[in-house]
Amino acid sequence: MTDRGHADTIAGLVVGFTGPRLRPQRLALVVGDEDSQIRLSGRLEPVLAAHIGAALADAEDG
């Protein structure tokens, strides 16, 4: 088995997204301290984007 170079998992807070609400393209994240700069995630895979879009829609309804 080869090492694919995955980074360690770290906690982050989603503070926004790019693209349409039902199919976001990237997430805007604050990683580390609250004073950290906002970072954009890599482009979301279609299945993950659909799941996140559903969660965003549910959050909007609540």
# chains A, B, ... in the order shown; residues from 1 in each chain; ligands from 1

call {"tool": "select_by_dssp", "arguments": {"residues": "range 4-48 of chain A", "states": "strand (DSSP E or B)", "output": "number ranges by chain"}}
result
A: 12-18, 26-31, 38-40

call {"tool": "residues_around", "arguments": {"residues": "Glu60 in chain A", "least_positions_apart": "4", "cutoff": "12 Å", "atoms": "only C-alpha atoms", "output": "short mmCIF file (atom, residue, chain, number, x, y, z; two decimals) with N, CA, C and O atoms, in the first residue's frame"}}
result
data_model
loop_
_atom_site.label_atom_id
_atom_site.label_comp_id
_atom_site.auth_asym_id
_atom_site.auth_seq_id
_atom_site.Cartn_x
_atom_site.Cartn_y
_atom_site.Cartn_z
N ARG A 21 -26.49 27.43 -3.03
CA ARG A 21 -26.74 26.82 -1.72
C ARG A 21 -26.99 25.31 -1.82
O ARG A 21 -26.52 24.54 -0.99
N LEU A 22 -27.71 24.86 -2.83
CA LEU A 22 -28.02 23.43 -2.93
C LEU A 22 -26.87 22.59 -3.46
O LEU A 22 -26.88 21.37 -3.32
N GLY A 53 -25.36 20.62 0.72
CA GLY A 53 -26.46 21.45 0.24
C GLY A 53 -27.75 21.14 0.98
O GLY A 53 -28.52 22.03 1.34
N ALA A 54 -28.01 19.85 1.22
CA ALA A 54 -29.21 19.45 1.96
C ALA A 54 -29.15 19.98 3.39
O ALA A 54 -30.14 20.47 3.93
N ALA A 55 -27.97 19.90 4.01
CA ALA A 55 -27.80 20.41 5.38
C ALA A 55 -27.99 21.93 5.42
O ALA A 55 -28.62 22.46 6.34
N LEU A 56 -27.49 22.63 4.41
CA LEU A 56 -27.67 24.08 4.35
C LEU A 56 -29.15 24.44 4.18
O LEU A 56 -29.63 25.39 4.79
#

call {"tool": "closest_residue", "arguments": {"among": "A:Ala57, A:Arg26, A:Val31, A:Glu45", "to": "Thr9 in chain A", "atoms": "only C-alpha atoms"}}
result
A:Val31

call {"tool": "residues_around", "arguments": {"residues": "Thr18 in chain A", "least_positions_apart": "3", "cutoff": "12 Å", "atoms": "only C-alpha atoms", "output": "list in words"}}
result
Val14, Val15, Arg21, Leu22, Arg23, Pro24, Gln25, Arg26, Leu27, Ala28, Leu29, Arg39, Leu40, Ser41, Gly42, Arg43, Leu44, Ala49, Ile52 and Gly53 of chain A

call {"tool": "closest_residue", "arguments": {"among": "A:Gln37, A:Val30, A:Ala59, A:Pro46", "to": "Gly12 in chain A", "atoms": "only C-alpha atoms"}}
result
A:Val30

call {"tool": "select_by_dssp", "arguments": {"residues": "chain A", "states": "alpha helix (DSSP H)", "output": "ChimeraX atom specification"}}
result
/A:46-61
